[in-house]
Structure formats: C-alpha cells, structure tokens
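> mmCIF, C-alpha atoms and all ligand atoms, saved as upload-v9.cif, coming up:
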```
data_final
#
loop_
_atom_site.group_PDB
_atom_site.id
_atom_site.type_symbol
_atom_site.label_atom_id
_atom_site.label_comp_id
_atom_site.auth_asym_id
_atom_site.auth_seq_id
_atom_site.Cartn_x
_atom_site.Cartn_y
_atom_site.Cartn_z
ATOM 1 C CA MET A 1 42.850 -21.869 6.266
ATOM 2 C CA ARG A 2 41.596 -18.539 4.939
ATOM 3 C CA LEU A 3 38.003 -19.693 5.557
ATOM 4 C CA VAL A 4 38.780 -20.636 9.155
ATOM 5 C CA HIS A 5 40.375 -17.241 9.622
ATOM 6 C CA LYS A 6 37.261 -15.500 8.310
ATOM 7 C CA LEU A 7 35.031 -17.601 10.545
ATOM 8 C CA VAL A 8 37.064 -16.730 13.629
ATOM 9 C CA ILE A 9 36.791 -13.017 12.811
ATOM 10 C CA THR A 10 33.013 -13.300 12.262
ATOM 11 C CA VAL A 11 32.465 -15.158 15.539
ATOM 12 C CA ALA A 12 34.707 -12.697 17.396
ATOM 13 C CA THR A 13 32.750 -9.769 15.906
ATOM 14 C CA LEU A 14 29.454 -11.322 16.975
ATOM 15 C CA ILE A 15 30.754 -11.868 20.514
ATOM 16 C CA VAL A 16 32.034 -8.301 20.832
ATOM 17 C CA PHE A 17 29.271 -6.393 19.009
ATOM 18 C CA GLY A 18 26.357 -8.838 18.956
ATOM 19 C CA PRO A 19 24.346 -9.510 15.767
ATOM 20 C CA VAL A 20 24.402 -6.449 13.496
ATOM 21 C CA PRO A 21 20.782 -5.707 12.476
ATOM 22 C CA PHE A 22 19.803 -4.068 9.198
ATOM 23 C CA ALA A 23 19.191 -0.357 9.669
ATOM 24 C CA THR A 24 15.513 0.296 8.961
ATOM 25 C CA VAL A 25 13.733 3.627 8.743
ATOM 26 C CA SER A 26 13.151 4.742 12.325
ATOM 27 C CA ALA A 27 9.576 4.627 13.645
ATOM 28 C CA ALA A 28 9.459 8.440 13.428
ATOM 29 C CA ASP A 29 10.561 8.476 9.780
ATOM 30 C CA ARG A 30 8.104 5.719 8.880
ATOM 31 C CA ASP A 31 5.385 7.742 10.604
ATOM 32 C CA LYS A 32 6.378 10.758 8.497
ATOM 33 C CA LEU A 33 6.359 8.750 5.247
ATOM 34 C CA LEU A 34 2.911 7.368 6.067
ATOM 35 C CA ASN A 35 1.313 10.566 7.315
ATOM 36 C CA GLU A 36 2.904 13.590 5.698
ATOM 37 C CA PRO A 37 1.977 15.206 2.369
ATOM 38 C CA GLY A 38 4.408 15.017 -0.554
ATOM 39 C CA VAL A 39 5.150 11.299 -0.202
ATOM 40 C CA TYR A 40 4.754 8.852 -3.097
ATOM 41 C CA GLY A 41 2.837 5.630 -2.541
ATOM 42 C CA THR A 42 3.238 2.695 -4.931
ATOM 43 C CA PHE A 43 1.006 -0.375 -4.887
ATOM 44 C CA ALA A 44 2.650 -3.271 -6.710
ATOM 45 C CA ALA A 45 0.878 -6.632 -7.039
ATOM 46 C CA PHE A 46 2.717 -9.741 -8.232
ATOM 47 C CA ARG A 47 1.781 -13.251 -9.241
ATOM 48 C CA VAL A 48 4.105 -16.144 -8.409
ATOM 49 C CA GLU A 49 4.434 -18.360 -11.483
ATOM 50 C CA ASP A 50 3.549 -22.091 -11.284
ATOM 51 C CA GLU A 51 7.208 -23.173 -11.835
ATOM 52 C CA TRP A 52 7.946 -21.803 -8.349
ATOM 53 C CA SER A 53 5.969 -24.610 -6.675
ATOM 54 C CA ARG A 54 8.048 -27.189 -8.585
ATOM 55 C CA LEU A 55 11.264 -26.043 -6.848
ATOM 56 C CA ASP A 56 12.326 -28.017 -3.787
ATOM 57 C CA GLN A 57 11.629 -26.566 -0.334
ATOM 58 C CA ARG A 58 15.291 -25.677 0.415
ATOM 59 C CA THR A 59 15.759 -23.761 -2.841
ATOM 60 C CA ARG A 60 12.501 -21.853 -2.252
ATOM 61 C CA GLN A 61 13.578 -20.916 1.277
ATOM 62 C CA ALA A 62 17.016 -19.754 0.046
ATOM 63 C CA HIS A 63 15.413 -17.605 -2.685
ATOM 64 C CA LEU A 64 12.935 -16.091 -0.214
ATOM 65 C CA THR A 65 15.709 -15.336 2.273
ATOM 66 C CA SER A 66 17.600 -13.424 -0.419
ATOM 67 C CA VAL A 67 14.517 -11.389 -1.377
ATOM 68 C CA LYS A 68 13.934 -10.606 2.300
ATOM 69 C CA GLY A 69 17.486 -9.227 2.365
ATOM 70 C CA VAL A 70 16.617 -6.818 -0.470
ATOM 71 C CA VAL A 71 13.464 -5.670 1.355
ATOM 72 C CA GLU A 72 15.384 -5.113 4.607
ATOM 73 C CA ARG A 73 18.124 -3.188 2.791
ATOM 74 C CA TYR A 74 15.628 -0.810 1.155
ATOM 75 C CA ARG A 75 13.788 -0.375 4.442
ATOM 76 C CA GLU A 76 16.671 1.945 5.332
ATOM 77 C CA LYS A 77 14.926 4.673 3.368
ATOM 78 C CA LEU A 78 11.549 3.351 2.222
ATOM 79 C CA ALA A 79 8.462 2.329 4.174
ATOM 80 C CA ILE A 80 7.543 -1.103 2.776
ATOM 81 C CA ASP A 81 4.335 -2.917 3.748
ATOM 82 C CA THR A 82 3.505 -6.460 2.678
ATOM 83 C CA TYR A 83 0.118 -8.064 1.937
ATOM 84 C CA LEU A 84 -1.268 -11.438 0.876
ATOM 85 C CA LEU A 85 -3.694 -11.299 -2.047
ATOM 86 C CA ARG A 86 -3.738 -15.058 -2.730
ATOM 87 C CA GLY A 87 -7.101 -16.589 -1.906
ATOM 88 C CA LEU A 88 -8.942 -13.247 -1.799
ATOM 89 C CA SER A 89 -8.106 -11.625 -5.105
ATOM 90 C CA GLY A 90 -7.442 -12.785 -8.631
ATOM 91 C CA HIS A 91 -5.101 -9.840 -9.214
ATOM 92 C CA GLY A 92 -1.994 -11.553 -7.897
ATOM 93 C CA ASP A 93 -0.521 -13.478 -4.967
ATOM 94 C CA PHE A 94 0.994 -10.660 -2.929
ATOM 95 C CA MET A 95 1.232 -6.883 -2.893
ATOM 96 C CA LEU A 96 3.850 -4.418 -1.716
ATOM 97 C CA ARG A 97 2.914 -0.881 -0.661
ATOM 98 C CA VAL A 98 5.995 1.317 -0.832
ATOM 99 C CA HIS A 99 6.244 4.906 0.445
ATOM 100 C CA SER A 100 9.143 7.135 -0.570
ATOM 101 C CA THR A 101 9.986 10.781 -1.071
ATOM 102 C CA GLU A 102 11.490 9.908 -4.483
ATOM 103 C CA LEU A 103 9.638 7.586 -6.846
ATOM 104 C CA LYS A 104 12.955 6.548 -8.418
ATOM 105 C CA ASP A 105 13.960 4.915 -5.099
ATOM 106 C CA THR A 106 10.793 2.820 -5.191
ATOM 107 C CA GLN A 107 11.551 1.913 -8.803
ATOM 108 C CA GLN A 108 15.116 0.869 -7.903
ATOM 109 C CA PHE A 109 13.819 -1.300 -5.061
ATOM 110 C CA LEU A 110 11.283 -3.071 -7.309
ATOM 111 C CA VAL A 111 13.882 -3.540 -10.079
ATOM 112 C CA ASP A 112 16.336 -5.046 -7.567
ATOM 113 C CA MET A 113 13.637 -7.289 -6.120
ATOM 114 C CA LEU A 114 12.737 -8.588 -9.583
ATOM 115 C CA ALA A 115 16.436 -9.269 -10.234
ATOM 116 C CA THR A 116 16.672 -11.726 -7.299
ATOM 117 C CA PRO A 117 16.294 -15.487 -7.962
ATOM 118 C CA PHE A 118 12.748 -15.259 -6.502
ATOM 119 C CA GLY A 119 12.020 -12.336 -8.833
ATOM 120 C CA GLN A 120 12.561 -14.644 -11.829
ATOM 121 C CA TYR A 121 9.350 -16.442 -10.801
ATOM 122 C CA LEU A 122 7.256 -13.268 -10.487
ATOM 123 C CA SER A 123 5.065 -11.502 -12.976
ATOM 124 C CA SER A 124 3.972 -7.961 -12.293
ATOM 125 C CA ARG A 125 0.171 -7.722 -12.283
ATOM 126 C CA THR A 126 -0.665 -4.167 -11.215
ATOM 127 C CA ILE A 127 1.417 -1.136 -10.331
ATOM 128 C CA LEU A 128 -0.365 2.009 -9.133
ATOM 129 C CA ASN A 129 1.400 5.250 -8.207
ATOM 130 C CA GLY A 130 0.016 8.107 -6.131
ATOM 131 C CA LEU A 131 1.046 11.064 -4.024
ATOM 132 C CA SER A 132 -0.130 12.086 -0.555
ATOM 133 C CA LYS A 133 -1.298 15.706 -0.403
ATOM 134 C CA LYS A 134 -2.680 18.185 2.112
ATOM 135 C CA ALA A 135 -6.477 17.946 2.500
ATOM 136 C CA ASN A 136 -8.188 19.951 -0.215
ATOM 137 C CA TYR A 137 -11.690 20.201 1.296
ATOM 138 C CA VAL A 138 -11.449 19.450 5.042
ATOM 139 C CA PRO A 139 -10.235 23.001 5.901
ATOM 140 C CA GLY A 140 -13.602 24.271 4.541
ATOM 141 C CA PHE A 141 -15.722 21.845 6.628
ATOM 142 C CA PRO A 142 -17.656 22.929 9.764
ATOM 143 C CA ASP A 143 -15.584 22.588 12.980
ATOM 144 C CA ALA A 144 -17.787 19.773 14.368
ATOM 145 C CA LEU A 145 -17.123 17.644 11.294
ATOM 146 C CA LYS A 146 -13.390 18.389 11.428
ATOM 147 C CA THR A 147 -13.355 17.215 15.055
ATOM 148 C CA GLU A 148 -15.187 13.980 14.209
ATOM 149 C CA LEU A 149 -12.616 13.243 11.499
ATOM 150 C CA LYS A 150 -9.825 13.491 14.098
ATOM 151 C CA ALA A 151 -11.122 10.425 16.002
ATOM 152 C CA PRO A 152 -8.889 7.382 15.527
ATOM 153 C CA SER A 153 -9.822 4.558 13.134
ATOM 154 C CA GLU A 154 -9.271 0.851 13.758
ATOM 155 C CA SER A 155 -7.092 -1.146 11.404
ATOM 156 C CA GLY A 156 -6.759 -4.664 9.796
ATOM 157 C CA PRO A 157 -6.318 -7.577 9.287
ATOM 158 C CA TYR A 158 -7.930 -6.725 5.929
ATOM 159 C CA ALA A 159 -6.795 -4.109 3.427
ATOM 160 C CA ALA A 160 -8.344 -2.948 0.161
ATOM 161 C CA VAL A 161 -7.187 -0.726 -2.685
ATOM 162 C CA ILE A 162 -9.773 0.960 -4.926
ATOM 163 C CA PRO A 163 -8.450 3.276 -7.670
ATOM 164 C CA ILE A 164 -10.857 5.946 -8.949
ATOM 165 C CA ARG A 165 -11.014 8.150 -12.011
ATOM 166 C CA LYS A 166 -13.271 11.235 -12.002
ATOM 167 C CA ASP A 167 -14.970 12.678 -15.078
ATOM 168 C CA ALA A 168 -13.997 15.966 -16.737
ATOM 169 C CA ASP A 169 -17.113 17.692 -15.289
ATOM 170 C CA TRP A 170 -15.827 17.110 -11.756
ATOM 171 C CA TRP A 171 -12.580 18.974 -12.409
ATOM 172 C CA ALA A 172 -14.441 21.786 -14.186
ATOM 173 C CA LEU A 173 -16.716 22.459 -11.165
ATOM 174 C CA PRO A 174 -15.897 25.463 -8.975
ATOM 175 C CA GLN A 175 -14.202 24.648 -5.629
ATOM 176 C CA ASP A 176 -17.271 25.588 -3.526
ATOM 177 C CA GLN A 177 -19.487 23.082 -5.369
ATOM 178 C CA ARG A 178 -16.905 20.311 -5.006
ATOM 179 C CA LEU A 179 -16.523 21.269 -1.334
ATOM 180 C CA ALA A 180 -20.291 20.871 -0.754
ATOM 181 C CA MET A 181 -20.252 17.470 -2.429
ATOM 182 C CA MET A 182 -17.208 16.301 -0.490
ATOM 183 C CA GLN A 183 -18.921 17.379 2.724
ATOM 184 C CA GLU A 184 -21.909 15.207 1.761
ATOM 185 C CA HIS A 185 -19.433 12.367 0.963
ATOM 186 C CA THR A 186 -17.799 12.758 4.380
ATOM 187 C CA GLU A 187 -21.099 12.877 6.286
ATOM 188 C CA ALA A 188 -22.287 9.698 4.536
ATOM 189 C CA ALA A 189 -18.962 7.977 5.313
ATOM 190 C CA LEU A 190 -18.697 9.113 8.959
ATOM 191 C CA PRO A 191 -20.593 6.129 10.522
ATOM 192 C CA TYR A 192 -17.736 3.928 9.238
ATOM 193 C CA HIS A 193 -14.856 6.212 10.250
ATOM 194 C CA LYS A 194 -14.200 4.222 13.457
ATOM 195 C CA THR A 195 -14.003 0.765 11.871
ATOM 196 C CA VAL A 196 -12.499 1.608 8.469
ATOM 197 C CA LYS A 197 -9.104 3.320 8.355
ATOM 198 C CA ARG A 198 -8.481 5.178 5.094
ATOM 199 C CA LYS A 199 -5.661 6.841 3.192
ATOM 200 C CA LEU A 200 -5.949 8.862 0.002
ATOM 201 C CA TYR A 201 -3.349 9.159 -2.774
ATOM 202 C CA HIS A 202 -3.616 11.546 -5.742
ATOM 203 C CA SER A 203 -2.584 9.901 -8.974
ATOM 204 C CA THR A 204 -3.624 12.250 -11.815
ATOM 205 C CA GLY A 205 -0.796 12.271 -14.351
ATOM 206 C CA LEU A 206 1.121 9.577 -12.461
ATOM 207 C CA ASP A 207 -1.217 6.809 -13.504
ATOM 208 C CA ASP A 208 -4.447 6.121 -15.389
ATOM 209 C CA PHE A 209 -6.469 7.145 -12.328
ATOM 210 C CA ASP A 210 -7.073 10.337 -10.357
ATOM 211 C CA PHE A 211 -7.064 8.739 -6.902
ATOM 212 C CA ILE A 212 -5.951 5.583 -5.175
ATOM 213 C CA THR A 213 -8.064 4.941 -2.085
ATOM 214 C CA TYR A 214 -6.589 2.547 0.485
ATOM 215 C CA PHE A 215 -8.458 1.028 3.437
ATOM 216 C CA GLU A 216 -7.683 -1.169 6.448
ATOM 217 C CA THR A 217 -10.399 -2.814 8.523
ATOM 218 C CA ALA A 218 -11.319 -5.744 10.727
ATOM 219 C CA LYS A 219 -14.921 -5.476 9.491
ATOM 220 C CA LEU A 220 -15.228 -6.072 5.775
ATOM 221 C CA GLU A 221 -19.000 -5.741 6.103
ATOM 222 C CA ASP A 222 -18.479 -2.112 7.139
ATOM 223 C CA LEU A 223 -16.280 -1.473 4.092
ATOM 224 C CA HIS A 224 -19.046 -2.943 1.936
ATOM 225 C CA SER A 225 -21.753 -0.767 3.587
ATOM 226 C CA LEU A 226 -19.490 2.292 3.369
ATOM 227 C CA VAL A 227 -18.960 1.928 -0.374
ATOM 228 C CA LEU A 228 -22.720 1.418 -0.847
ATOM 229 C CA ALA A 229 -23.459 4.540 1.238
ATOM 230 C CA LEU A 230 -20.987 6.572 -0.824
ATOM 231 C CA SER A 231 -22.408 5.361 -4.125
ATOM 232 C CA LYS A 232 -25.618 7.230 -3.231
ATOM 233 C CA VAL A 233 -24.105 10.733 -2.846
ATOM 234 C CA LYS A 234 -23.901 13.289 -5.693
ATOM 235 C CA GLU A 235 -20.108 13.192 -5.886
ATOM 236 C CA ALA A 236 -20.321 9.485 -6.914
ATOM 237 C CA HIS A 237 -21.988 10.484 -10.212
ATOM 238 C CA HIS A 238 -18.608 11.904 -11.205
ATOM 239 C CA ASN A 239 -16.796 8.557 -10.813
ATOM 240 C CA ARG A 240 -15.900 7.522 -14.343
ATOM 241 C CA ARG A 241 -13.999 4.456 -13.213
ATOM 242 C CA PHE A 242 -14.280 2.845 -9.791
ATOM 243 C CA GLY A 243 -11.974 -0.086 -9.014
ATOM 244 C CA HIS A 244 -10.857 -2.240 -11.976
ATOM 245 C CA PRO A 245 -8.831 -3.390 -10.228
ATOM 246 C CA THR A 246 -10.150 -3.574 -6.674
ATOM 247 C CA LEU A 247 -7.544 -5.359 -4.578
ATOM 248 C CA LEU A 248 -8.652 -7.189 -1.429
ATOM 249 C CA MET A 249 -5.995 -8.706 0.823
ATOM 250 C CA THR A 250 -4.715 -9.333 4.338
ATOM 251 C CA ILE A 251 -1.913 -7.377 5.978
ATOM 252 C CA LYS A 252 1.131 -9.588 6.689
ATOM 253 C CA THR A 253 4.629 -9.124 8.031
ATOM 254 C CA ILE A 254 7.422 -10.033 5.600
ATOM 255 C CA ASP A 255 8.032 -13.239 7.607
ATOM 256 C CA GLN A 256 4.352 -14.240 7.458
ATOM 257 C CA LEU A 257 4.312 -13.593 3.722
ATOM 258 C CA ILE A 258 7.506 -15.611 3.192
ATOM 259 C CA GLU A 259 6.015 -18.506 5.166
ATOM 260 C CA VAL A 260 2.970 -18.646 2.867
ATOM 261 C CA LEU A 261 5.001 -18.244 -0.342
ATOM 262 C CA GLY A 262 7.546 -20.849 0.797
ATOM 263 C CA LYS A 263 4.899 -23.573 1.195
HETATM 264 C C1 LIG B 301 -14.131 6.026 6.486
HETATM 265 C C2 LIG B 301 -14.830 6.491 5.454
HETATM 266 C C3 LIG B 301 -14.467 7.732 4.683
HETATM 267 C C4 LIG B 301 -14.332 8.996 5.130
HETATM 268 C C5 LIG B 301 -14.532 9.502 6.562
HETATM 269 C C6 LIG B 301 -13.982 9.815 3.997
HETATM 270 C C7 LIG B 301 -13.722 11.164 4.051
HETATM 271 C C8 LIG B 301 -13.157 11.904 3.033
HETATM 272 C C9 LIG B 301 -12.715 13.257 3.131
HETATM 273 C C10 LIG B 301 -12.794 14.101 4.379
HETATM 274 C C11 LIG B 301 -12.204 13.617 1.941
HETATM 275 C C12 LIG B 301 -11.657 14.993 1.552
HETATM 276 C C13 LIG B 301 -10.147 15.027 1.685
HETATM 277 C C14 LIG B 301 -9.664 16.413 1.314
HETATM 278 O O1 LIG B 301 -9.986 17.370 2.038
HETATM 279 O O2 LIG B 301 -8.909 16.523 0.319
HETATM 280 C C15 LIG B 301 -12.317 12.487 1.072
HETATM 281 C C16 LIG B 301 -11.872 12.460 -0.222
HETATM 282 C C17 LIG B 301 -12.052 11.408 -1.044
HETATM 283 N N1 LIG B 301 -12.621 10.210 -0.736
HETATM 284 FE FE1 LIG B 301 -13.379 9.646 1.032
HETATM 285 N N2 LIG B 301 -13.923 9.046 2.888
HETATM 286 C C18 LIG B 301 -14.204 7.757 3.263
HETATM 287 C C19 LIG B 301 -14.279 6.677 2.449
HETATM 288 C C20 LIG B 301 -14.117 6.720 1.090
HETATM 289 C C21 LIG B 301 -14.365 5.612 0.184
HETATM 290 C C22 LIG B 301 -14.906 4.234 0.605
HETATM 291 C C23 LIG B 301 -14.039 6.040 -1.059
HETATM 292 C C24 LIG B 301 -14.107 5.289 -2.347
HETATM 293 C C25 LIG B 301 -13.786 4.025 -2.446
HETATM 294 C C26 LIG B 301 -13.584 7.404 -0.945
HETATM 295 C C27 LIG B 301 -13.104 8.155 -1.983
HETATM 296 C C28 LIG B 301 -12.614 9.434 -1.855
HETATM 297 C C29 LIG B 301 -11.998 10.169 -2.938
HETATM 298 C C30 LIG B 301 -11.768 9.671 -4.357
HETATM 299 C C31 LIG B 301 -11.638 11.406 -2.426
HETATM 300 C C32 LIG B 301 -10.934 12.546 -3.181
HETATM 301 C C33 LIG B 301 -11.934 13.464 -3.760
HETATM 302 C C34 LIG B 301 -11.298 14.681 -4.365
HETATM 303 O O3 LIG B 301 -10.291 15.196 -3.841
HETATM 304 O O4 LIG B 301 -11.798 15.125 -5.402
HETATM 305 N N3 LIG B 301 -13.655 7.788 0.366
HETATM 306 N N4 LIG B 301 -12.902 11.447 1.757
#
```
Show me this structure written as structure tokens.

Amino acid sequence: MRLVHKLVITVATLIVFGPVPFATVSAADRDKLLNEPGVYGTFAAFRVEDEWSRLDQRTRQAHLTSVKGVVERYREKLAIDTYLLRGLSGHGDFMLRVHSTELKDTQQFLVDMLATPFGQYLSSRTILNGLSKKANYVPGFPDALKTELKAPSESGPYAAVIPIRKDADWWALPQDQRLAMMQEHTEAALPYHKTVKRKLYHSTGLDDFDFITYFETAKLEDLHSLVLALSKVKEAHHNRRFGHPTLLMTIKTIDQLIEVLGK
C-alpha cells in the first residue's frame, strides 16, 4: 500500500512538474572552467578489468547507469569530459578530464566514482594534475603573431594528452631568452593552429611533469607533423621528458562511452 502511495505521488509530480533534470554547470560556467586561468585540470585514465565482461548485460547496464548518476551529480560544479582510449592506447580503456576550481572536489568525484559497483571493476592507470594560467609569453609577442593566435581552431573527434618535463637549464634562463624561444615555437606551430586545438596546463609541483599539453583535432596527421615541427626548434632541447605517457583517444559523450563499455 505504501509503495502504491509513493508511486502515485511520483507520477503526480511528473505530471505537474515534468521530469526533473540533474542540474549541470551552466554553459557559461563550463566556458569559464575551460577557458579561465586558475582552474585545475585532472586527466584520469582507467582500465576496465576482465571480470567486467563476465557480468551479464543487465547487471553491466545497471552498474553503468549508477556511475552515470555520479557523473551527472558532480556536473553541478565540475566540467567533466569523457573519452575512449580503448583501441587507440594501451594506457587504459577510458579517460575523464575534470576541471574544477578546487582540486579536492575533483578528488571527491573520482573517489565516489570508484566507490560505485562499476568502480569495483576499474583500475586507475594514469592521473595527471595541472593548472590553467595566464599566458606567460604571448603578451611579449609581436602584434601580428598575437592576432594570428586569436583565430579559431577546429576540434575532434580525436584528442591527445602529452605531458612534458623541462630541464633545470630552461627554468634558469632569463625571461627574454625563453620568450624568444617560445616565439620560435609558436611560429613553427602556427601552420597547424587551424586544425589542432590546444590547451596548456602547468603541473610543476602538482605532478611529476611541468606541463600537460592537451590537443583536439580531426586531422591526426597534422598533430603528427606539428610535433615533428616543434621537435626541431631550440626550446625542444630543454624537454627532459616528452610523453610517457602519451594518451591518444576519441572524444565521446557519457552515453556513447557507456554504450561501448556496456558491450
Ligand atoms: C597548434 C599548435 C601550437 C601552438 C600555436 C602553440 C603555441 C604556444 C604558445 C603561444 C605558447 C606560450 C603560452 C604562454 O604565453 O604562456 C606555448 C607554450 C607551450 N607549448 Fe605550444 N603550441 C602549439 C603546440 C604545442 C605542442 C604540439 C606542444 C608539445 C606537445 C606544445 C608544448 C608547449 C609547452 C610545453 C608550452 C609551455 C612552455 C612554457 O611555458 O615554458 N605546444 N605554445
């Protein structure tokens, strides 16, 4: 009787108010998290253990629905992007990119996700943390170059993450010498600015790297040529570690990702 009562109330609520959606960060707030300085970016790659595929289809779907609930709940204050690594990278099956103004919120989200029934089948493969900052060198570039950098870049379906560690000599150089080298870096990279969208995160002290570079493109060949072009400039001699890991993946919605993982 109590169950029937509850059901009647639920149906009545749906009729009066319609389905109540999860509150997600508004488009404007997501835009801020993705574009403003002072925002933390975490890249977390996971492998789905083999036991997962031995579960029956219904159980897998139920587990994935509950993890989707956790993602939607945290989307109230975090910007969460989802990617499929499986088939393109040996560093895991999927990756989450999480932006937040407080790294502890990202941590809480990942802890809660791992505590779901689906989380029991996951092993964490890579977690990288970085911080978006105001441009260090661009303000010192010639105006023509600054203008070229303002042109829009095209996005996915591919995404790549390449963490980088600089050597001690790089940090010891005076700002004007680093500026000159970063201008050379930018000029060499400019032919690929239209087809490769980039985002830079500073990770010194937050991780084993100094930078996390993130790219989206529809033309992987251009990403390849871009990295080759940049390996020839002086600034590249100061890369002590480049990649390891390099993560290559496709950008997916949470529903697309769930469909692949549920199979
Ligand atoms: C679309 C192509 C690219 C363009 C137009 C570009 C441009 C730039 C610019 C303008 C900066 C200076 C940002 C500032 O003022 O702080 C920069 C920094 C940097 N870029 Fe690129 N870049 C591109 C691709 C790449 C690639 C492929 C990598 C390596 C995988 C890379 C690694 C870095 C790193 C590590 C920094 C930080 C350097 C530092 O602050 O010491 N970039 N890039």
> Would you list the residues that come within 7 Å of ligand LIG 301 (chain B)? Count only C-alpha atoms and all ligand atoms and give the answer as a list in words.
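Those within range of ligand LIG 301 (chain B) are Lys134, Ala135, Asn136, Tyr137, Val138, Pro139, Leu149, Ile162, Ile164, Met182, His185, Thr186, Ala189, Leu190, Tyr192, His193, Val196, Lys197, Arg198, Leu200, Phe211, Thr213, Leu223, Leu226, Val227 and Leu230 of chain A.
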> Convert the current residue selection to file output with C-alpha atoms, as a CSV table (one decimal), keeping the file's coordinate frame.

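Wrote part-v4.csv, looks like this:
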```
chain,number,residue,atom,x,y,z
A,134,LYS,CA,-2.7,18.2,2.1
A,135,ALA,CA,-6.5,17.9,2.5
A,136,ASN,CA,-8.2,20.0,-0.2
A,137,TYR,CA,-11.7,20.2,1.3
A,138,VAL,CA,-11.4,19.4,5.0
A,139,PRO,CA,-10.2,23.0,5.9
A,149,LEU,CA,-12.6,13.2,11.5
A,162,ILE,CA,-9.8,1.0,-4.9
A,164,ILE,CA,-10.9,5.9,-8.9
A,182,MET,CA,-17.2,16.3,-0.5
A,185,HIS,CA,-19.4,12.4,1.0
A,186,THR,CA,-17.8,12.8,4.4
A,189,ALA,CA,-19.0,8.0,5.3
A,190,LEU,CA,-18.7,9.1,9.0
A,192,TYR,CA,-17.7,3.9,9.2
A,193,HIS,CA,-14.9,6.2,10.2
A,196,VAL,CA,-12.5,1.6,8.5
A,197,LYS,CA,-9.1,3.3,8.4
A,198,ARG,CA,-8.5,5.2,5.1
A,200,LEU,CA,-5.9,8.9,0.0
A,211,PHE,CA,-7.1,8.7,-6.9
A,213,THR,CA,-8.1,4.9,-2.1
A,223,LEU,CA,-16.3,-1.5,4.1
A,226,LEU,CA,-19.5,2.3,3.4
A,227,VAL,CA,-19.0,1.9,-0.4
A,230,LEU,CA,-21.0,6.6,-0.8
```
> Using all atoms listed in the file for the distances, tell me which of A:Thr204, A:Thr147, A:Thr217, A:Ser89 is nearest to Thr246 of chain A.
A:Ser89
> Using all atoms listed in the file, which residue out of A:Val39, A:Leu173, A:Leu248, A:Val111 lies closest to Tyr158 of chain A?
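Ranking A:Val39, A:Leu173, A:Leu248, A:Val111 by distance to Tyr158 of chain A, first place goes to A:Leu248.
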> One decimal, Å: what's the distance from atom CA of Ala159 of chain A over to atom CA of Tyr214 of chain A, could you say?
7.3 Å
> Determine the residue membership of the PyMOL selection byres (((chain A and resi 129) around 12) and not hetatm) for the file above and supply it as a PyMOL selection string.
chain A and resi 39-45+96-100+102-104+106-107+126-128+130-132+161+163+200-213
> Looking at A:His237, A:Arg125, A:Arg58, A:Lys252, which one is nearest to Pro157 of chain A, with distances taken over all atoms listed in the file?
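Once distances to Pro157 of chain A are computed over all atoms listed in the file, the minimum belongs to A:Lys252.
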> Evaluate the PyMOL selection byres (((chain A and resi 46) around 12) and not hetatm) against this structure - the residues, as a ChimeraX atom specification, please.
/A:43-45,47-49,82-86,89-97,110,113-114,118-127,247,261
> Between atom CA of Gln183 of chain A and atom CA of Ala151 of chain A, measure the distance and give it in Å to one decimal.
16.9 Å
> Please, what distance in Å, to one decimal, runs between atom CA of Glu187 of chain A and atom CA of Pro142 of chain A?
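Result for atom CA of Glu187 of chain A versus atom CA of Pro142 of chain A: 11.2 Å, one decimal.
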> Using only C-alpha atoms, pick whichever of A:Ser155, A:Gln57, A:Ser66, A:Thr250 has the shortest atom-to-atom distance to Ala115 of chain A.
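Closest candidate: A:Ser66.
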> Assuming 5 Å of padding per side, give the centre and edge lengths of the axis-aligned box around every listed atom of segment 255-261 of chain A, in Å to one decimal and as AutoDock Vina command-line options.

```
--center_x 5.5 --center_y -15.9 --center_z 3.6 --size_x 15.1 --size_y 15.4 --size_z 17.9
```
> Nearest to Val25 of chain A: which of A:Arg75, A:Lys68, A:Arg60, A:Arg54 is it, counting only C-alpha atoms?
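For Val25 of chain A, the nearest of the given residues is A:Arg75.
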> Give the answer as one residue: which of A:Thr116, A:Ser53, A:Thr101, A:Gln108 has the shortest atom-to-atom distance to Gly69 of chain A, using only C-alpha atoms?
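Answer, going by the shortest atom-to-atom distance: A:Thr116.
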